[in-house]
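Have a look at run16.tsv; it's TSV, C-alpha atoms:
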```
chain	number	residue	atom	x	y	z
A	1	MET	CA	0.00	0.00	0.00
A	2	ALA	CA	1.46	3.31	-1.07
A	3	ILE	CA	1.50	6.28	1.25
A	4	PRO	CA	-0.21	9.29	-0.33
A	5	ASP	CA	1.84	12.42	-0.98
A	6	THR	CA	-0.37	14.60	1.18
A	7	VAL	CA	-2.25	13.99	4.38
A	8	PRO	CA	-5.68	12.58	3.50
A	9	GLY	CA	-8.43	15.13	4.06
A	10	LEU	CA	-6.13	18.06	4.83
A	11	GLY	CA	-4.14	18.46	1.65
A	12	ILE	CA	-0.86	19.42	3.26
A	13	SER	CA	2.31	17.45	2.78
A	14	TRP	CA	3.80	15.13	5.38
A	15	ASN	CA	6.88	17.34	5.65
A	16	ASP	CA	4.71	20.28	6.64
A	17	VAL	CA	2.95	18.17	9.26
A	18	LEU	CA	6.31	17.08	10.64
A	19	PHE	CA	7.56	20.68	10.67
A	20	LEU	CA	4.44	21.90	12.45
A	21	VAL	CA	4.62	19.15	15.07
A	22	LEU	CA	8.32	19.76	15.74
A	23	ALA	CA	7.83	23.53	15.86
A	24	ALA	CA	4.91	23.16	18.27
A	25	VAL	CA	6.95	20.88	20.54
A	26	LEU	CA	9.92	23.25	20.36
A	27	LEU	CA	7.97	26.41	21.17
A	28	GLY	CA	5.72	24.71	23.75
A	29	SER	CA	8.56	23.20	25.72
A	30	SER	CA	10.53	26.46	25.48
A	31	LEU	CA	7.57	28.28	27.00
A	32	LEU	CA	7.48	25.67	29.75
A	33	VAL	CA	11.20	26.28	30.36
A	34	VAL	CA	10.64	29.95	31.03
A	35	THR	CA	7.36	29.66	32.95
A	36	LEU	CA	7.37	26.51	35.10
A	37	ARG	CA	7.80	26.95	38.84
A	38	ASP	CA	9.75	23.77	39.55
A	39	ILE	CA	13.21	24.23	38.09
A	40	ILE	CA	13.87	20.52	37.62
A	41	ARG	CA	10.85	20.41	35.32
A	42	CYS	CA	12.28	23.43	33.51
A	43	GLY	CA	15.41	21.37	32.88
A	44	LEU	CA	13.40	18.42	31.56
A	45	ALA	CA	11.40	20.72	29.25
A	46	LEU	CA	14.73	22.11	28.05
A	47	ILE	CA	15.74	18.57	27.03
A	48	ALA	CA	12.47	18.23	25.07
A	49	ALA	CA	13.17	21.54	23.31
A	50	PHE	CA	16.69	20.43	22.37
A	51	GLY	CA	15.31	17.15	21.01
A	52	ALA	CA	12.69	18.89	18.87
A	53	LEU	CA	15.36	21.23	17.54
A	54	ALA	CA	17.50	18.23	16.59
A	55	GLY	CA	14.51	16.95	14.59
A	56	ILE	CA	14.27	20.30	12.81
A	57	TYR	CA	17.97	20.09	11.93
A	58	VAL	CA	17.29	16.70	10.34
A	59	MET	CA	14.44	18.26	8.34
A	60	LEU	CA	16.86	20.97	7.20
A	61	GLY	CA	19.20	18.31	5.83
A	62	ALA	CA	21.97	18.71	8.41
A	63	PRO	CA	22.14	15.27	10.08
A	64	PHE	CA	25.61	15.80	11.53
A	65	VAL	CA	24.52	19.00	13.26
A	66	ALA	CA	21.48	17.13	14.59
A	67	ALA	CA	23.70	14.37	16.00
A	68	ALA	CA	25.98	16.94	17.57
A	69	GLN	CA	22.92	18.70	19.00
A	70	VAL	CA	21.80	15.49	20.70
A	71	ILE	CA	25.28	14.64	21.98
A	72	VAL	CA	26.38	18.11	23.08
A	73	TYR	CA	23.15	19.70	24.25
A	74	ILE	CA	21.11	16.78	25.59
A	75	GLY	CA	24.08	14.66	26.58
A	76	ALA	CA	26.33	17.29	28.09
A	77	ILE	CA	24.78	20.72	28.66
A	78	ALA	CA	21.37	19.58	29.90
A	79	VAL	CA	22.94	17.08	32.28
A	80	LEU	CA	25.34	19.77	33.52
A	81	ILE	CA	22.41	22.11	34.15
A	82	LEU	CA	20.45	19.40	35.98
A	83	PHE	CA	23.47	18.70	38.20
A	84	ALA	CA	23.78	22.41	38.99
A	85	VAL	CA	20.06	22.51	39.82
A	86	MET	CA	20.42	19.63	42.24
A	87	LEU	CA	23.43	21.27	43.91
A	88	THR	CA	21.86	24.70	44.35
A	89	GLN	CA	18.24	24.02	45.26
A	90	ALA	CA	17.97	23.86	49.03
A	91	LYS	CA	14.78	22.27	50.32
A	92	ASN	CA	13.76	25.43	52.12
A	93	ALA	CA	14.59	27.68	49.19
A	94	PRO	CA	11.85	30.23	48.62
A	95	THR	CA	10.01	29.37	45.42
A	96	ARG	CA	6.99	31.60	45.90
A	97	LEU	CA	7.94	34.04	43.19
A	98	VAL	CA	9.12	32.63	39.90
A	99	PHE	CA	9.49	35.97	38.15
A	100	GLN	CA	11.11	39.26	38.95
A	101	THR	CA	9.05	42.41	39.27
A	102	GLN	CA	9.90	43.41	35.71
A	103	ALA	CA	8.24	40.30	34.24
A	104	ILE	CA	5.43	42.17	32.48
A	105	PRO	CA	7.70	44.71	30.74
A	106	ALA	CA	9.98	41.81	29.85
A	107	ALA	CA	7.05	39.94	28.28
A	108	ILE	CA	6.03	43.02	26.31
A	109	ALA	CA	9.61	43.52	25.10
A	110	ALA	CA	9.91	39.86	24.10
A	111	ILE	CA	6.62	39.92	22.16
A	112	ALA	CA	7.70	43.12	20.42
A	113	LEU	CA	11.01	41.48	19.53
A	114	ALA	CA	9.25	38.43	18.07
A	115	VAL	CA	6.85	40.60	16.03
A	116	ILE	CA	9.67	42.79	14.70
A	117	VAL	CA	11.76	39.75	13.73
A	118	ALA	CA	8.77	38.09	12.02
A	119	LEU	CA	7.88	41.25	10.09
A	120	THR	CA	11.48	41.82	9.04
A	121	VAL	CA	11.96	38.23	7.93
A	122	THR	CA	8.81	38.12	5.85
A	123	ALA	CA	9.43	41.55	4.31
A	124	THR	CA	13.01	40.84	3.29
A	125	ASP	CA	13.90	39.40	-0.09
A	126	TRP	CA	16.60	36.83	0.71
A	127	GLY	CA	18.00	36.79	-2.81
A	128	GLU	CA	18.88	33.50	-4.47
A	129	VAL	CA	17.05	31.17	-2.13
A	130	GLY	CA	17.08	27.70	-3.57
A	131	SER	CA	15.08	24.72	-2.47
A	132	ARG	CA	16.21	22.84	0.57
A	133	ILE	CA	19.51	21.02	0.07
A	134	ALA	CA	21.14	18.42	2.28
A	135	THR	CA	24.64	18.80	3.66
A	136	ALA	CA	27.06	16.02	2.82
A	137	THR	CA	28.96	15.01	5.93
A	138	ASP	CA	32.18	14.20	4.07
A	139	ALA	CA	32.19	17.68	2.51
A	140	LEU	CA	31.66	19.09	6.00
A	141	ALA	CA	34.63	17.18	7.35
A	142	ARG	CA	36.81	18.28	4.44
A	143	LEU	CA	35.89	21.93	4.99
A	144	LEU	CA	36.27	21.72	8.78
A	145	PHE	CA	39.78	20.28	8.62
A	146	ASN	CA	41.05	22.39	5.73
A	147	GLU	CA	39.65	25.91	5.61
A	148	TYR	CA	38.38	26.04	9.17
A	149	ILE	CA	41.36	24.37	10.83
A	150	LEU	CA	42.44	27.52	12.68
A	151	PRO	CA	38.98	28.22	14.22
A	152	PHE	CA	38.78	24.52	15.08
A	153	GLU	CA	42.04	24.68	17.03
A	154	VAL	CA	41.05	27.97	18.69
A	155	VAL	CA	37.76	26.41	19.82
A	156	SER	CA	39.62	23.45	21.30
A	157	VAL	CA	41.87	25.84	23.25
A	158	LEU	CA	38.76	27.75	24.36
A	159	LEU	CA	37.18	24.53	25.64
A	160	LEU	CA	40.36	23.71	27.55
A	161	ALA	CA	40.36	27.18	29.09
A	162	ALA	CA	36.67	26.78	30.01
A	163	VAL	CA	37.35	23.43	31.68
A	164	ILE	CA	40.23	24.87	33.72
A	165	GLY	CA	38.21	27.98	34.59
A	166	GLY	CA	35.19	25.89	35.61
A	167	VAL	CA	37.24	23.66	37.87
A	168	PHE	CA	38.97	26.68	39.42
A	169	LEU	CA	35.70	28.54	40.05
A	170	ALA	CA	33.76	25.59	41.40
A	171	LYS	CA	36.40	24.05	43.64
A	172	ARG	CA	35.80	24.46	47.32
A	173	GLU	CA	38.29	26.67	49.10
A	174	ASP	CA	39.80	25.25	52.27
A	175	ARG	CA	39.01	28.19	54.49
A	176	ASP	CA	35.42	28.07	53.27
A	177	ALA	CA	34.72	24.71	54.89
B	1	MET	CA	5.73	25.51	4.63
B	2	SER	CA	8.66	23.25	5.41
B	3	GLN	CA	10.16	24.30	2.07
B	4	SER	CA	10.34	28.02	2.82
B	5	LEU	CA	13.19	29.81	4.54
B	6	ASP	CA	10.81	32.29	6.17
B	7	ALA	CA	9.09	29.63	8.29
B	8	TYR	CA	12.37	28.55	9.86
B	9	LEU	CA	13.51	32.13	10.43
B	10	VAL	CA	10.23	33.12	12.10
B	11	LEU	CA	10.41	30.01	14.28
B	12	SER	CA	13.93	30.96	15.28
B	13	GLY	CA	12.86	34.54	16.04
B	14	ILE	CA	10.05	33.35	18.31
B	15	LEU	CA	12.43	30.98	20.10
B	16	PHE	CA	14.90	33.83	20.61
B	17	ALA	CA	12.13	36.04	22.01
B	18	ILE	CA	11.12	33.31	24.46
B	19	GLY	CA	14.72	33.07	25.59
B	20	THR	CA	14.90	36.85	25.99
B	21	PHE	CA	11.79	36.84	28.14
B	22	GLY	CA	13.17	34.07	30.33
B	23	PHE	CA	16.49	35.82	30.77
B	24	LEU	CA	14.83	39.11	31.74
B	25	ALA	CA	12.06	37.73	33.92
B	26	ARG	CA	13.28	34.69	35.83
B	27	ARG	CA	14.66	35.07	39.34
B	28	ASN	CA	16.69	31.88	39.44
B	29	ALA	CA	20.23	32.19	38.07
B	30	ILE	CA	20.11	28.70	36.55
B	31	SER	CA	16.84	29.50	34.77
B	32	MET	CA	18.57	32.50	33.27
B	33	LEU	CA	21.36	30.24	31.99
B	34	MET	CA	18.72	27.91	30.48
B	35	SER	CA	17.21	30.91	28.70
B	36	ILE	CA	20.63	31.80	27.30
B	37	GLU	CA	20.87	28.26	25.94
B	38	LEU	CA	17.50	28.73	24.24
B	39	MET	CA	18.73	31.95	22.61
B	40	LEU	CA	21.93	30.27	21.41
B	41	ASN	CA	19.83	27.46	19.95
B	42	ALA	CA	17.68	30.00	18.11
B	43	VAL	CA	20.80	31.54	16.55
B	44	ASN	CA	22.03	28.09	15.56
B	45	LEU	CA	18.69	27.34	13.92
B	46	THR	CA	19.02	30.54	11.89
B	47	ILE	CA	22.52	29.58	10.75
B	48	VAL	CA	21.51	26.05	9.74
B	49	ALA	CA	18.37	27.33	7.97
B	50	PHE	CA	20.39	29.76	5.86
B	51	GLY	CA	22.82	26.97	5.10
B	52	ALA	CA	20.02	24.67	3.97
B	53	PHE	CA	18.44	27.18	1.59
B	54	ILE	CA	21.38	29.16	0.19
B	55	PRO	CA	23.68	26.89	-1.82
B	56	ASP	CA	26.86	28.95	-1.31
B	57	LEU	CA	26.57	28.69	2.46
B	58	ASN	CA	25.54	25.06	2.61
B	59	VAL	CA	28.58	23.36	4.16
B	60	ASP	CA	30.00	26.43	5.91
B	61	ALA	CA	26.79	26.86	7.91
B	62	SER	CA	27.11	23.42	9.46
B	63	VAL	CA	30.72	24.12	10.41
B	64	ILE	CA	29.77	27.44	12.01
B	65	ALA	CA	26.87	25.79	13.85
B	66	LEU	CA	29.27	23.24	15.31
B	67	MET	CA	31.57	26.06	16.45
B	68	VAL	CA	28.61	27.80	18.11
B	69	MET	CA	27.76	24.56	19.92
B	70	ALA	CA	31.32	24.27	21.26
B	71	VAL	CA	31.30	27.87	22.46
B	72	ALA	CA	27.89	27.30	24.06
B	73	ALA	CA	29.30	24.33	25.94
B	74	ALA	CA	32.18	26.46	27.22
B	75	GLU	CA	29.73	29.20	28.22
B	76	ALA	CA	27.52	26.75	30.14
B	77	THR	CA	30.53	25.35	31.99
B	78	VAL	CA	31.86	28.71	33.14
B	79	GLY	CA	28.40	30.16	33.82
B	80	LEU	CA	27.34	27.26	36.02
B	81	ALA	CA	30.67	27.32	37.84
B	82	ILE	CA	30.13	31.01	38.61
B	83	VAL	CA	26.60	30.27	39.86
B	84	MET	CA	27.98	27.52	42.10
B	85	ALA	CA	30.67	29.86	43.48
B	86	ILE	CA	28.12	32.57	44.26
B	87	TYR	CA	25.76	29.99	45.76
B	88	ARG	CA	28.47	28.83	48.17
B	89	ASN	CA	28.86	32.38	49.44
B	90	ARG	CA	25.27	33.63	49.44
B	91	ARG	CA	23.28	30.37	49.95
B	92	THR	CA	20.65	31.37	47.40
B	93	PRO	CA	20.27	30.89	43.65
B	94	LEU	CA	17.98	33.92	43.27
B	95	VAL	CA	19.63	36.78	41.45
B	96	ASP	CA	17.64	39.57	43.11
B	97	GLU	CA	19.22	38.62	46.43
B	98	TYR	CA	22.73	39.20	45.08
B	99	ASP	CA	22.79	42.79	46.34
B	100	ALA	CA	26.22	42.98	47.97
B	101	MET	CA	27.35	45.82	45.70
B	102	ARG	CA	24.25	47.89	46.40
B	103	GLN	CA	24.72	48.18	50.14
```
Once more with this new file: its structure as structure tokens, please.
Amino acid sequence: MAIPDTVPGLGISWNDVLFLVLAAVLLGSSLLVVTLRDIIRCGLALIAAFGALAGIYVMLGAPFVAAAQVIVYIGAIAVLILFAVMLTQAKNAPTRLVFQTQAIPAAIAAIALAVIVALTVTATDWGEVGSRIATATDALARLLFNEYILPFEVVSVLLLAAVIGGVFLAKREDRDA
Amino acid sequence: MSQSLDAYLVLSGILFAIGTFGFLARRNAISMLMSIELMLNAVNLTIVAFGAFIPDLNVDASVIALMVMAVAAAEATVGLAIVMAIYRNRRTPLVDEYDAMRQ
């Protein structure tokens, strides 16, 4: 049995359905990240947002970036954030107020930012926009290790510096104990 | 819709705005770092979307997105270490109680 090109009854393509579902998951879980009261749940919603974004990268034809998204963001950064949450949330920590007093102006500013970005994007002619093309991973590797070799090395030095700085900042001082 | 650059750019703009709101409005320092991660992800989505639709940028965009991810990892490491260091001194993760320089 052949799968039809468009969704029966709706007339939109499967790719659009997938994009809409992933975008809804991404925006919904991002909203949960910034609004939930329990910060552990914020961290779990953040993982859902990262996963949906990895799906969107696959739709955009960048599978290597999607894999790196899953490994780096879900595997490393989200776990790091969850560890920090567990280390800093005392049981008697006041959680009455989630937001600062400037939450309403911040919401207005954020909505204005979204509207301005959307208007600008739709009003701009992006020039020679082709149809979606996939990225070949071997071409990516060739470019990364030839033309971009200097930024690659600089980033590795930056990561080393961040590791050393993180250990130095987070280590317990003796007189503190 | 999934074949147009505008849809991805608008999605990325909304994600960035959500991150901005979280950074400005949340009281918890770790929530603010999560919001920064959301904003970095929105920028990465923009880069990858341009790479997918503009042939000249196709491979370069993926390379730049990977660089952004590495820098985001470094930022999360140092940011969380700073939050931990402040937490050891002040015993609170709430940023509006970090008022030592105001007194």
Could you make a table, as CSV, of the residues of chain B that have an atom within 12 Å of an atom of stretch 1-18 of chain A, each with its nearest atom pair and distance in Å to one decimal, counting all atoms listed in the file, in chain and number order?
```
residue,atom,partner,partner_atom,distance
B:Met1,CA,A:Asp16,CA,5.7
B:Ser2,CA,A:Asp16,CA,5.1
B:Gln3,CA,A:Asp16,CA,8.2
B:Ser4,CA,A:Asp16,CA,10.3
B:Ala7,CA,A:Asp16,CA,10.5
B:Tyr8,CA,A:Asp16,CA,11.7
```
Quote the spacing between atom CA of A:Ala84 and atom CA of B:Ser12 in Å to one decimal place.
-> 27.1 Å
Within 6 Å of chain B, which residues of chain A are there when counting only C-alpha atoms? Please give them as a list in words.
-> Asp16, Phe19, Val34, Leu60, Phe99, Gln100, Ala103, Ala106, Ala107, Ala110, Ala114, Val117, Ala118, Val129, Gly130, Ser131, Arg132, Ile133, Leu140, Leu159, Ala162, Gly166, Leu169 and Ala170 of chain A
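You will find atom CA of A:Glu147 at 16.7 Å from atom CA of A:Thr135.
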Test item: residues at most 7 Å from A:Leu22, only C-alpha atoms, excluding those fewer than 3 positions along its chain, as a PDB file with C-alpha atoms, keeping the file's coordinate frame:
```pdb
ATOM      1  CA  LEU A  18       6.310  17.080  10.640  1.00  0.00           C
ATOM      2  CA  PHE A  19       7.560  20.680  10.670  1.00  0.00           C
ATOM      3  CA  VAL A  25       6.950  20.880  20.540  1.00  0.00           C
ATOM      4  CA  LEU A  26       9.920  23.250  20.360  1.00  0.00           C
ATOM      5  CA  ALA A  52      12.690  18.890  18.870  1.00  0.00           C
ATOM      6  CA  GLY A  55      14.510  16.950  14.590  1.00  0.00           C
ATOM      7  CA  ILE A  56      14.270  20.300  12.810  1.00  0.00           C
TER       8      ILE A  56
END
```
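Pairwise distance (atom CA of A:Pro63, atom CA of A:Arg41) equals 28.1 Å.
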Kindly indicate which residue among A:Ala112, A:Asn146, A:Ile40, A:Gln102 lies nearest to A:Phe83, using all atoms listed in the file for the distances.
->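 Nearest to A:Phe83: A:Ile40.
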Within 10 Å of A:Ala45, counting all atoms listed in the file, which residues show up once you throw out same-chain ones fewer than 6 positions away? Write them as a VMD selection string, please.
-> chain A and resid 25 to 26 28 to 34 36 39 51
How big is the axis-aligned box around the listed atoms of stretch 24-37 of chain B once 8 Å is added on each side, and where is its centre? Give both in Å to one decimal, as AutoDock Vina command-line options.
```
--center_x 16.7 --center_y 33.5 --center_z 32.7 --size_x 25.3 --size_y 27.2 --size_z 29.5
```
